[in-house]
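> Structure file model.txt (compact mmCIF, C-alpha atoms and all ligand atoms) is given on the next line.
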# COMPACT_ATOMS: atom_id res chain seq x y z
CA MET Y 1 13.89 -8.72 -19.05
CA SER Y 2 15.66 -5.40 -18.51
CA ASN Y 3 15.22 -3.64 -15.22
CA PRO Y 4 13.89 -0.07 -15.35
CA LEU Y 5 14.21 0.37 -11.58
CA LYS Y 6 17.02 1.33 -9.26
CA ILE Y 7 18.16 -1.25 -6.69
CA ILE Y 8 19.05 0.41 -3.38
CA ASP Y 9 20.85 -1.52 -0.66
CA ILE Y 10 19.53 -0.23 2.66
CA SER Y 11 22.26 -2.01 4.61
CA GLN Y 12 24.58 0.73 3.30
CA PRO Y 13 25.11 3.92 5.32
CA THR Y 14 22.21 6.36 4.99
CA LYS Y 15 24.38 9.16 3.59
CA THR Y 16 25.59 6.95 0.73
CA ILE Y 17 22.14 5.99 -0.50
CA SER Y 18 19.79 8.84 0.40
CA SER Y 19 20.14 10.80 -2.83
CA SER Y 20 19.61 7.74 -5.08
CA LEU Y 21 16.61 6.70 -3.05
CA LEU Y 22 15.10 10.16 -3.32
CA GLU Y 23 15.79 10.23 -7.06
CA ALA Y 24 13.99 6.91 -7.54
CA ALA Y 25 11.06 8.21 -5.48
CA GLN Y 26 10.88 11.39 -7.54
CA GLN Y 27 11.39 9.92 -10.97
CA GLN Y 28 9.72 6.53 -10.97
CA GLY Y 29 7.98 6.33 -7.64
CA PHE Y 30 9.19 2.69 -7.61
CA LEU Y 31 12.44 0.95 -6.69
CA PHE Y 32 13.92 -2.31 -5.43
CA VAL Y 33 15.14 -2.44 -1.84
CA ASP Y 34 17.91 -4.93 -1.18
CA GLY Y 35 19.88 -5.34 2.04
CA HIS Y 36 16.72 -6.01 4.09
CA ASN Y 37 16.79 -8.73 6.72
CA PHE Y 38 14.37 -11.31 5.27
CA THR Y 39 15.87 -14.69 4.42
CA GLN Y 40 14.78 -16.66 1.38
CA ASP Y 41 13.60 -19.50 3.64
CA GLU Y 42 11.43 -17.19 5.68
CA VAL Y 43 9.75 -15.68 2.62
CA ASP Y 44 9.31 -19.12 1.01
CA ALA Y 45 7.55 -20.28 4.16
CA LEU Y 46 5.25 -17.27 4.02
CA PHE Y 47 4.32 -17.89 0.39
CA GLN Y 48 3.64 -21.53 1.28
CA VAL Y 49 1.16 -20.47 3.95
CA SER Y 50 -0.51 -18.15 1.46
CA GLN Y 51 -0.76 -20.90 -1.15
CA ASP Y 52 -2.14 -23.37 1.41
CA PHE Y 53 -4.75 -20.87 2.51
CA PHE Y 54 -5.97 -19.97 -0.97
CA THR Y 55 -5.91 -23.47 -2.43
CA GLN Y 56 -7.03 -25.54 0.55
CA THR Y 57 -9.78 -23.41 2.04
CA PRO Y 58 -13.24 -24.16 0.64
CA ASP Y 59 -15.07 -21.17 -0.87
CA ASP Y 60 -17.84 -21.23 1.73
CA VAL Y 61 -15.24 -21.03 4.50
CA LYS Y 62 -13.44 -18.16 2.78
CA GLY Y 63 -16.82 -16.47 2.58
CA GLN Y 64 -17.13 -16.55 6.38
CA TYR Y 65 -14.15 -14.20 6.58
CA ALA Y 66 -15.34 -11.77 3.89
CA ILE Y 67 -13.70 -8.35 3.94
CA LYS Y 68 -15.47 -5.71 6.04
CA SER Y 69 -15.55 -1.93 5.95
CA ASN Y 70 -12.49 -1.95 8.25
CA ASN Y 71 -10.48 -3.38 5.30
CA ILE Y 72 -9.79 -6.67 7.10
CA GLY Y 73 -10.64 -10.09 5.65
CA TYR Y 74 -10.93 -12.11 2.49
CA THR Y 75 -11.80 -10.62 -0.86
CA HIS Y 76 -12.99 -13.08 -3.48
CA PHE Y 77 -12.57 -13.06 -7.24
CA THR Y 78 -13.86 -9.95 -8.95
CA ASN Y 79 -14.97 -8.25 -5.75
CA GLU Y 80 -12.53 -5.42 -6.37
CA GLN Y 81 -12.31 -2.99 -9.22
CA LEU Y 82 -9.25 -0.81 -8.89
CA ASP Y 83 -9.83 0.80 -12.29
CA PRO Y 84 -13.58 1.55 -12.61
CA SER Y 85 -13.31 1.94 -16.39
CA LYS Y 86 -12.12 -1.66 -16.80
CA ALA Y 87 -13.32 -5.14 -15.89
CA ARG Y 88 -13.28 -6.35 -12.32
CA ASP Y 89 -9.96 -7.65 -10.94
CA PHE Y 90 -9.51 -11.40 -11.26
CA LYS Y 91 -7.64 -12.13 -8.05
CA GLU Y 92 -8.24 -13.13 -4.45
CA ALA Y 93 -6.66 -11.71 -1.32
CA TYR Y 94 -6.65 -11.78 2.44
CA ASN Y 95 -5.98 -8.57 4.42
CA PHE Y 96 -4.63 -8.48 7.97
CA GLY Y 97 -5.18 -5.17 9.73
CA ASN Y 98 -5.62 -3.42 13.10
CA ILE Y 99 -1.95 -4.16 13.72
CA ASN Y 100 0.13 -3.18 16.73
CA PHE Y 101 3.71 -3.47 15.48
CA LYS Y 102 5.15 -3.22 18.95
CA THR Y 103 3.44 -6.36 20.18
CA GLY Y 104 2.93 -8.01 16.78
CA THR Y 105 -0.81 -8.32 17.45
CA PHE Y 106 -3.08 -8.13 14.41
CA ASN Y 107 -6.80 -8.28 13.60
CA GLN Y 108 -7.55 -6.78 17.01
CA SER Y 109 -11.17 -5.89 17.66
CA ASP Y 110 -12.13 -2.51 16.25
CA LEU Y 111 -13.23 -1.37 19.68
CA ASP Y 112 -9.81 -2.10 21.21
CA PHE Y 113 -7.93 -0.78 18.22
CA ASN Y 114 -9.54 2.52 17.43
CA GLY Y 115 -12.25 2.91 19.96
CA HIS Y 116 -15.31 2.23 17.84
CA GLY Y 117 -17.06 -0.75 16.30
CA ASP Y 118 -17.06 -4.11 17.99
CA ASN Y 119 -15.93 -6.54 15.32
CA ASP Y 120 -13.97 -9.61 16.28
CA ASN Y 121 -11.72 -9.91 13.25
CA VAL Y 122 -11.26 -13.68 13.39
CA VAL Y 123 -8.37 -15.10 11.35
CA PRO Y 124 -9.11 -18.13 9.09
CA PRO Y 125 -7.73 -21.41 10.53
CA ILE Y 126 -4.79 -22.01 8.14
CA LEU Y 127 -3.55 -18.47 8.72
CA GLU Y 128 -4.25 -18.61 12.47
CA GLN Y 129 -1.93 -21.63 12.75
CA HIS Y 130 0.91 -19.43 11.53
CA ARG Y 131 0.15 -16.40 13.66
CA ALA Y 132 3.65 -16.25 15.17
CA MET Y 133 5.34 -16.25 11.79
CA ILE Y 134 2.97 -13.65 10.33
CA SER Y 135 3.37 -11.48 13.38
CA ASN Y 136 7.17 -11.61 13.12
CA THR Y 137 7.01 -10.72 9.42
CA ILE Y 138 4.79 -7.70 9.88
CA GLN Y 139 6.98 -6.36 12.66
CA LYS Y 140 10.05 -6.66 10.45
CA LEU Y 141 8.25 -5.10 7.50
CA HIS Y 142 7.30 -2.14 9.66
CA GLN Y 143 10.93 -1.70 10.76
CA THR Y 144 12.06 -1.88 7.12
CA ALA Y 145 9.50 0.75 6.14
CA MET Y 146 10.73 3.05 8.94
CA ARG Y 147 14.31 2.65 7.72
CA ILE Y 148 13.18 3.69 4.21
CA LEU Y 149 11.28 6.69 5.59
CA ASN Y 150 14.32 7.81 7.59
CA ILE Y 151 16.51 7.59 4.48
CA LEU Y 152 13.92 9.72 2.67
CA CYS Y 153 14.10 12.37 5.41
CA GLU Y 154 17.84 12.54 4.88
CA GLY Y 155 17.35 12.87 1.12
CA LEU Y 156 14.71 15.57 1.57
CA GLU Y 157 16.90 17.30 4.14
CA VAL Y 158 14.14 17.34 6.71
CA GLU Y 159 15.82 18.56 9.87
CA ASP Y 160 14.13 15.94 12.02
CA ARG Y 161 15.39 12.74 10.42
CA GLU Y 162 12.55 10.81 12.05
CA PHE Y 163 9.80 13.16 10.88
CA PHE Y 164 7.85 10.46 9.03
CA ALA Y 165 8.63 7.68 11.50
CA LYS Y 166 7.15 9.81 14.30
CA LYS Y 167 3.84 9.77 12.44
CA HIS Y 168 4.02 5.99 12.06
CA ARG Y 169 4.48 4.97 15.69
CA PRO Y 170 4.29 1.17 15.95
CA ASP Y 171 1.61 1.01 18.64
CA GLN Y 172 -0.80 3.65 17.33
CA PRO Y 173 -3.93 2.90 15.27
CA SER Y 174 -3.37 3.23 11.53
CA GLY Y 175 -4.65 1.85 8.24
CA CYS Y 176 -1.57 -0.38 7.75
CA VAL Y 177 -2.52 -3.61 6.01
CA PHE Y 178 -0.57 -6.78 5.38
CA ARG Y 179 -2.02 -8.58 2.37
CA MET Y 180 -1.60 -11.97 0.73
CA LEU Y 181 -2.66 -12.04 -2.92
CA ARG Y 182 -3.23 -14.71 -5.54
CA TYR Y 183 -3.79 -14.11 -9.24
CA PRO Y 184 -4.66 -17.54 -10.63
CA LEU Y 185 -4.21 -18.80 -14.14
CA VAL Y 186 -7.60 -18.90 -15.76
CA ARG Y 187 -8.76 -22.48 -15.61
CA GLU Y 188 -11.86 -24.39 -16.62
CA ASP Y 189 -13.29 -24.22 -13.11
CA HIS Y 190 -13.51 -20.46 -13.30
CA SER Y 191 -15.81 -20.39 -16.30
CA SER Y 192 -18.80 -19.48 -14.14
CA ILE Y 193 -17.21 -16.18 -13.08
CA GLN Y 194 -18.44 -13.39 -15.32
CA ASP Y 195 -17.20 -9.94 -16.21
CA TYR Y 196 -13.47 -10.22 -15.81
CA ASP Y 197 -10.52 -9.77 -18.10
CA ALA Y 198 -8.08 -12.69 -18.17
CA THR Y 199 -5.13 -10.36 -18.62
CA ILE Y 200 -5.76 -7.30 -16.42
CA ARG Y 201 -5.58 -8.70 -12.90
CA ALA Y 202 -5.37 -5.52 -10.90
CA GLY Y 203 -6.59 -2.42 -12.71
CA ALA Y 204 -4.41 0.68 -12.92
CA HIS Y 205 -4.32 2.50 -9.60
CA THR Y 206 -2.10 4.37 -7.20
CA ASP Y 207 -1.69 3.10 -3.64
CA TYR Y 208 -3.48 4.99 -0.90
CA GLY Y 209 -0.98 5.08 1.91
CA SER Y 210 2.56 6.31 2.48
CA LEU Y 211 4.51 3.46 0.92
CA THR Y 212 4.10 -0.15 -0.15
CA LEU Y 213 6.55 -3.06 0.23
CA LEU Y 214 6.01 -6.15 -1.91
CA PHE Y 215 7.49 -9.64 -2.23
CA GLN Y 216 7.10 -11.46 -5.51
CA ARG Y 217 8.45 -14.77 -6.83
CA ARG Y 218 10.55 -15.89 -9.75
CA GLY Y 219 8.50 -16.77 -12.85
CA GLN Y 220 5.39 -15.00 -11.54
CA GLN Y 221 5.84 -11.57 -13.13
CA GLY Y 222 2.95 -9.26 -13.95
CA LEU Y 223 3.39 -6.01 -12.04
CA GLN Y 224 3.74 -3.02 -14.36
CA LEU Y 225 4.14 0.70 -13.81
CA GLN Y 226 3.03 3.52 -16.02
CA THR Y 227 5.88 5.40 -17.65
CA GLU Y 228 6.14 9.12 -18.36
CA GLY Y 229 6.92 11.05 -21.51
CA PRO Y 230 9.59 13.78 -21.83
CA GLY Y 231 7.34 16.44 -20.25
CA ASN Y 232 6.44 14.13 -17.33
CA GLU Y 233 3.03 13.36 -18.82
CA PRO Y 234 1.79 9.80 -18.28
CA THR Y 235 2.06 7.66 -21.41
CA GLU Y 236 0.21 4.54 -22.52
CA GLU Y 237 3.45 2.60 -22.07
CA TRP Y 238 3.84 0.27 -19.14
CA ALA Y 239 7.17 -0.99 -17.80
CA GLU Y 240 7.38 -4.51 -16.38
CA VAL Y 241 8.79 -4.94 -12.91
CA PRO Y 242 11.18 -7.87 -13.43
CA PHE Y 243 12.29 -10.48 -10.93
CA VAL Y 244 15.74 -9.69 -9.55
CA GLU Y 245 17.98 -11.56 -7.13
CA SER Y 246 19.39 -10.24 -3.87
CA GLN Y 247 23.09 -9.44 -3.79
CA HIS Y 248 23.20 -11.01 -0.32
CA ASP Y 249 23.54 -14.78 0.04
CA GLY Y 250 20.52 -16.55 1.46
CA LYS Y 251 18.38 -13.42 1.46
CA ALA Y 252 14.98 -13.05 -0.18
CA PRO Y 253 14.83 -11.04 -3.41
CA PRO Y 254 14.76 -7.26 -3.07
CA LEU Y 255 11.43 -5.83 -1.98
CA VAL Y 256 9.54 -3.87 -4.62
CA VAL Y 257 8.80 -0.51 -2.99
CA ASN Y 258 6.49 2.21 -4.25
CA PHE Y 259 5.21 5.44 -2.79
CA GLY Y 260 1.54 6.15 -2.22
CA ASP Y 261 -0.78 9.14 -2.39
CA LEU Y 262 -0.17 10.27 1.16
CA LEU Y 263 3.58 10.72 0.79
CA SER Y 264 2.95 12.50 -2.46
CA TYR Y 265 0.54 14.96 -0.76
CA TRP Y 266 2.87 15.29 2.17
CA THR Y 267 5.72 16.39 -0.12
CA ASN Y 268 3.76 18.67 -2.50
CA GLY Y 269 4.20 16.02 -5.18
CA VAL Y 270 7.99 15.73 -4.87
CA LEU Y 271 7.53 12.01 -4.34
CA LYS Y 272 5.56 10.26 -7.03
CA SER Y 273 2.57 8.04 -6.43
CA THR Y 274 2.82 6.10 -9.68
CA TYR Y 275 -0.01 4.30 -11.45
CA HIS Y 276 0.59 0.57 -11.61
CA ARG Y 277 -1.37 -2.56 -12.45
CA VAL Y 278 -1.01 -6.33 -12.70
CA LYS Y 279 -1.29 -7.69 -16.21
CA PHE Y 280 -0.77 -11.16 -17.64
CA THR Y 281 0.36 -11.08 -21.26
CA PRO Y 282 -2.12 -12.78 -23.60
CA GLY Y 283 -0.71 -16.02 -25.00
CA GLU Y 284 2.19 -16.23 -22.53
CA THR Y 285 3.29 -19.66 -21.42
CA ARG Y 286 3.11 -19.07 -17.68
CA THR Y 287 2.47 -22.26 -15.75
CA LYS Y 288 2.03 -20.86 -12.26
CA ASP Y 289 -0.39 -18.54 -10.52
CA ARG Y 290 1.06 -15.22 -9.39
CA TYR Y 291 1.30 -14.78 -5.65
CA SER Y 292 2.40 -11.57 -4.00
CA ILE Y 293 2.76 -10.51 -0.38
CA VAL Y 294 2.26 -6.84 0.23
CA PHE Y 295 2.59 -4.46 3.15
CA PHE Y 296 0.68 -1.20 2.78
CA VAL Y 297 2.07 1.38 5.15
CA HIS Y 298 -0.23 4.12 6.44
CA PRO Y 299 0.45 6.90 8.93
CA GLU Y 300 -1.43 7.07 12.22
CA HIS Y 301 -5.11 7.83 11.62
CA ALA Y 302 -5.04 11.38 12.94
CA THR Y 303 -2.05 12.51 10.86
CA GLU Y 304 -2.71 15.71 8.93
CA LEU Y 305 -1.13 15.76 5.53
CA THR Y 306 0.42 19.20 5.58
CA PRO Y 307 3.74 19.55 3.73
CA VAL Y 308 6.89 18.30 5.47
CA PRO Y 309 9.37 20.97 6.55
CA SER Y 310 11.90 20.60 3.73
CA ARG Y 311 13.32 23.27 1.46
CA LEU Y 312 12.99 20.92 -1.50
CA VAL Y 313 9.30 20.42 -0.76
CA ALA Y 314 8.68 24.15 -0.27
CA ASP Y 315 10.36 24.89 -3.62
CA HIS Y 316 7.99 22.45 -5.25
CA ALA Y 317 4.82 24.14 -3.98
CA SER Y 318 2.39 24.75 -6.82
CA GLY Y 319 0.73 27.75 -5.21
CA LEU Y 320 -2.36 25.69 -4.45
CA THR Y 321 -3.12 24.96 -0.84
CA PRO Y 322 -3.17 21.19 -0.36
CA PRO Y 323 -6.40 19.89 1.19
CA THR Y 324 -6.09 19.51 4.94
CA ILE Y 325 -7.21 15.98 5.26
CA THR Y 326 -6.22 13.31 7.70
CA ALA Y 327 -4.77 9.92 6.79
CA ALA Y 328 -7.96 8.21 7.99
CA GLU Y 329 -10.22 10.45 5.87
CA HIS Y 330 -8.16 9.78 2.78
CA LEU Y 331 -8.20 6.02 3.32
CA GLN Y 332 -11.95 6.01 3.80
CA LYS Y 333 -12.51 7.85 0.52
CA ARG Y 334 -10.34 5.47 -1.47
CA LEU Y 335 -11.84 2.32 0.03
CA GLU Y 336 -15.36 3.52 -0.75
CA ALA Y 337 -14.37 4.00 -4.40
CA THR Y 338 -12.77 0.54 -4.70
CA TYR Y 339 -15.70 -1.41 -3.29
CA SER Y 340 -18.53 0.87 -4.45
CA SER Y 341 -20.15 -1.11 -7.27
O1 LIG G 401 0.31 -7.92 -6.52
C1 LIG G 401 0.93 -7.03 -7.06
O2 LIG G 401 1.92 -7.23 -7.72
C2 LIG G 401 0.49 -5.60 -6.95
C3 LIG G 401 -0.62 -5.39 -6.00
C4 LIG G 401 -1.04 -3.98 -5.89
O3 LIG G 401 -0.62 -3.11 -6.60
C5 LIG G 401 -2.03 -3.61 -4.85
O4 LIG G 401 -2.67 -4.52 -4.29
O5 LIG G 401 -2.16 -2.41 -4.57
FE FE G 402 -0.98 -1.20 -5.70
Let's see the structure in the file written out as structure tokens.
Ligand SMILES: O=C(O)CCC(=O)C(=O)O
Ligand SMILES: [Fe+2]


Amino acid sequence: MSNPLKIIDISQPTKTISSSLLEAAQQQGFLFVDGHNFTQDEVDALFQVSQDFFTQTPDDVKGQYAIKSNNIGYTHFTNEQLDPSKARDFKEAYNFGNINFKTGTFNQSDLDFNGHGDNDNVVPPILEQHRAMISNTIQKLHQTAMRILNILCEGLEVEDREFFAKKHRPDQPSGCVFRMLRYPLVREDHSSIQDYDATIRAGAHTDYGSLTLLFQRRGQQGLQLQTEGPGNEPTEEWAEVPFVESQHDGKAPPLVVNFGDLLSYWTNGVLKSTYHRVKFTPGETRTKDRYSIVFFVHPEHATELTPVPSRLVADHASGLTPPTITAAEHLQKRLEATYSS
């Protein structure tokens, strides 16, 4: 499979890579990030925990941890509908949230985390057993995301090279979510589930936050992004995100990174929040479920999405005043749409 995406090695000096990273963010809104500090063993262990959770937890137990309005918990088959014009998404997932990246604490009570609600976001037993590992992973993912945001500041020539990072402080409440996902092969035992499409597994959507970091596995392809025509208009063509290897021995494959709505607003549309979906090709001879592990990065709740101070961003202004909306308001709107029906 050919690779339509750039591979950027973030272990290289910022000045060497900032313009290619910005170009990828502007043109495709997607790229591969190599040179991260996740080993193959570490990511294999994480996928094993995810597989154990999804395949060894009885449905009624999963149901006890059902996702709540705070976006934390388990979402069962066909609960989500990312593209309302299509069938429901045939996948299952578990979201960790209310994360303090400084301490590595996650699923904190809503009262402690953002001062309202009183939920005790209990973690299912198989995942609870691996709390230390999960905690370490999310801290590292947050650091990786901050590195990417700092490189972007350099590319955008924002005077304060930590402009974005300062709005993503590790110990402040935000909508950041760490998510384990499983897209199973359709098997006999699923015949009772109605109203899904065996090929479209996550309907076309853009991500809500600032950026998204994703691990996938060899032989479990399925993520696709919408391509653009010559005048930048979206086409009906979808490009497959292939599996690629790291250039660094012993390291996990490059992370798939894409930019979300908030960074797009924040930059007057300089950065692209690209439509993507997960699709299994009809008739393919896949033998394994697709698993992915995703980190959705969101700015601190109170962040206002006014344009970043960059000449490039100012030059891109369309003349329209962007809505003054906070990160939390935006997230709330998108979650309501996803779980509405
Ligand atoms: O699992 C994947 O490959 C993509 C997931 C995704 O796009 C999402 O959950 O927003
Ligand atoms: Fe997505």

> Which residues are near ligand LIG 401 (chain G) in this structure, taking near to mean any atom at most 9 Å from a ligand atom and counting all atoms listed in the file? Format them as a PyMOL selection string.

chain Y and resi 82+93+179-183+201-208+212+214-216+221-224+241+256+275-278+290-294+296

> Please produce an output containing C-alpha atoms for each residue in the selection, written as a PDB file, in the frame of the given file.


ATOM      1  CA  LEU Y  82      -9.250  -0.810  -8.890  1.00  0.00           C
ATOM      2  CA  ALA Y  93      -6.660 -11.710  -1.320  1.00  0.00           C
ATOM      3  CA  ARG Y 179      -2.020  -8.580   2.370  1.00  0.00           C
ATOM      4  CA  MET Y 180      -1.600 -11.970   0.730  1.00  0.00           C
ATOM      5  CA  LEU Y 181      -2.660 -12.040  -2.920  1.00  0.00           C
ATOM      6  CA  ARG Y 182      -3.230 -14.710  -5.540  1.00  0.00           C
ATOM      7  CA  TYR Y 183      -3.790 -14.110  -9.240  1.00  0.00           C
ATOM      8  CA  ARG Y 201      -5.580  -8.700 -12.900  1.00  0.00           C
ATOM      9  CA  ALA Y 202      -5.370  -5.520 -10.900  1.00  0.00           C
ATOM     10  CA  GLY Y 203      -6.590  -2.420 -12.710  1.00  0.00           C
ATOM     11  CA  ALA Y 204      -4.410   0.680 -12.920  1.00  0.00           C
ATOM     12  CA  HIS Y 205      -4.320   2.500  -9.600  1.00  0.00           C
ATOM     13  CA  THR Y 206      -2.100   4.370  -7.200  1.00  0.00           C
ATOM     14  CA  ASP Y 207      -1.690   3.100  -3.640  1.00  0.00           C
ATOM     15  CA  TYR Y 208      -3.480   4.990  -0.900  1.00  0.00           C
ATOM     16  CA  THR Y 212       4.100  -0.150  -0.150  1.00  0.00           C
ATOM     17  CA  LEU Y 214       6.010  -6.150  -1.910  1.00  0.00           C
ATOM     18  CA  PHE Y 215       7.490  -9.640  -2.230  1.00  0.00           C
ATOM     19  CA  GLN Y 216       7.100 -11.460  -5.510  1.00  0.00           C
ATOM     20  CA  GLN Y 221       5.840 -11.570 -13.130  1.00  0.00           C
ATOM     21  CA  GLY Y 222       2.950  -9.260 -13.950  1.00  0.00           C
ATOM     22  CA  LEU Y 223       3.390  -6.010 -12.040  1.00  0.00           C
ATOM     23  CA  GLN Y 224       3.740  -3.020 -14.360  1.00  0.00           C
ATOM     24  CA  VAL Y 241       8.790  -4.940 -12.910  1.00  0.00           C
ATOM     25  CA  VAL Y 256       9.540  -3.870  -4.620  1.00  0.00           C
ATOM     26  CA  TYR Y 275      -0.010   4.300 -11.450  1.00  0.00           C
ATOM     27  CA  HIS Y 276       0.590   0.570 -11.610  1.00  0.00           C
ATOM     28  CA  ARG Y 277      -1.370  -2.560 -12.450  1.00  0.00           C
ATOM     29  CA  VAL Y 278      -1.010  -6.330 -12.700  1.00  0.00           C
ATOM     30  CA  ARG Y 290       1.060 -15.220  -9.390  1.00  0.00           C
ATOM     31  CA  TYR Y 291       1.300 -14.780  -5.650  1.00  0.00           C
ATOM     32  CA  SER Y 292       2.400 -11.570  -4.000  1.00  0.00           C
ATOM     33  CA  ILE Y 293       2.760 -10.510  -0.380  1.00  0.00           C
ATOM     34  CA  VAL Y 294       2.260  -6.840   0.230  1.00  0.00           C
ATOM     35  CA  PHE Y 296       0.680  -1.200   2.780  1.00  0.00           C
TER      36      PHE Y 296
END

> Compare Y:Glu128, Y:Asn107, Y:Tyr74, Y:Phe30 by their minimum atom-to-atom distance to ligand FE 402 (chain G), counting all atoms listed in the file, and give me the closest one.

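Checking each candidate against ligand FE 402 (chain G), we get Y:Phe30 as the closest.
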
> Quick one: pull the distance between atom CA of Ile67 of chain Y and atom CA of Val123 of chain Y, Å, one decimal.

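Atom CA of Ile67 of chain Y sits 11.4 Å away from atom CA of Val123 of chain Y.
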
> Identify which of the residues Y:Gln220, Y:Tyr265, Y:Thr75, Y:Pro4 lies closest to Thr287 of chain Y, counting only C-alpha atoms when measuring atom-to-atom distances.

Y:Gln220

> Which polymer residues, whether protein, DNA or RNA, lie within 10 Å of the coordinate (-10.2, -7.6, 2.1) when you count only C-alpha atoms? List them as a list of chain:residue names, using the chain letters and numbers from the file.

Y:Tyr65, Y:Ala66, Y:Ile67, Y:Lys68, Y:Ser69, Y:Asn70, Y:Asn71, Y:Ile72, Y:Gly73, Y:Tyr74, Y:Thr75, Y:His76, Y:Asn79, Y:Glu80, Y:Glu92, Y:Ala93, Y:Tyr94, Y:Asn95, Y:Phe96, Y:Gly97, Y:Val177, Y:Arg179, Y:Met180, Y:Tyr339

> Would you write out those residues with C-alpha atoms, as a compact mmCIF listing (two decimals), in the frame of the given file?


# COMPACT_ATOMS: atom_id res chain seq x y z
CA TYR Y 65 -14.15 -14.20 6.58
CA ALA Y 66 -15.34 -11.77 3.89
CA ILE Y 67 -13.70 -8.35 3.94
CA LYS Y 68 -15.47 -5.71 6.04
CA SER Y 69 -15.55 -1.93 5.95
CA ASN Y 70 -12.49 -1.95 8.25
CA ASN Y 71 -10.48 -3.38 5.30
CA ILE Y 72 -9.79 -6.67 7.10
CA GLY Y 73 -10.64 -10.09 5.65
CA TYR Y 74 -10.93 -12.11 2.49
CA THR Y 75 -11.80 -10.62 -0.86
CA HIS Y 76 -12.99 -13.08 -3.48
CA ASN Y 79 -14.97 -8.25 -5.75
CA GLU Y 80 -12.53 -5.42 -6.37
CA GLU Y 92 -8.24 -13.13 -4.45
CA ALA Y 93 -6.66 -11.71 -1.32
CA TYR Y 94 -6.65 -11.78 2.44
CA ASN Y 95 -5.98 -8.57 4.42
CA PHE Y 96 -4.63 -8.48 7.97
CA GLY Y 97 -5.18 -5.17 9.73
CA VAL Y 177 -2.52 -3.61 6.01
CA ARG Y 179 -2.02 -8.58 2.37
CA MET Y 180 -1.60 -11.97 0.73
CA TYR Y 339 -15.70 -1.41 -3.29

> Please, what is the axis-aligned box for every listed atom of segment 39-45 of chain Y with 3 Å on each side, as centre and edge lengths in Å to one decimal, as JSON?


{"center_x": 11.7, "center_y": -17.5, "center_z": 3.3, "size_x": 14.3, "size_y": 11.6, "size_z": 10.7}

> So the first atom is atom CA of Leu152 of chain Y and the second is atom CA of Val244 of chain Y; what is the distance between them in Å, to one decimal place?

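Between atom CA of Leu152 of chain Y and atom CA of Val244 of chain Y the gap works out to 23.0 Å.
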
> Expressed in Å to a single decimal, how great is the separation between atom CA of Ala337 of chain Y and atom FE of ligand FE 402 (chain G)?

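Atom-to-atom, atom CA of Ala337 of chain Y and atom FE of ligand FE 402 (chain G) are spaced 14.4 Å apart.
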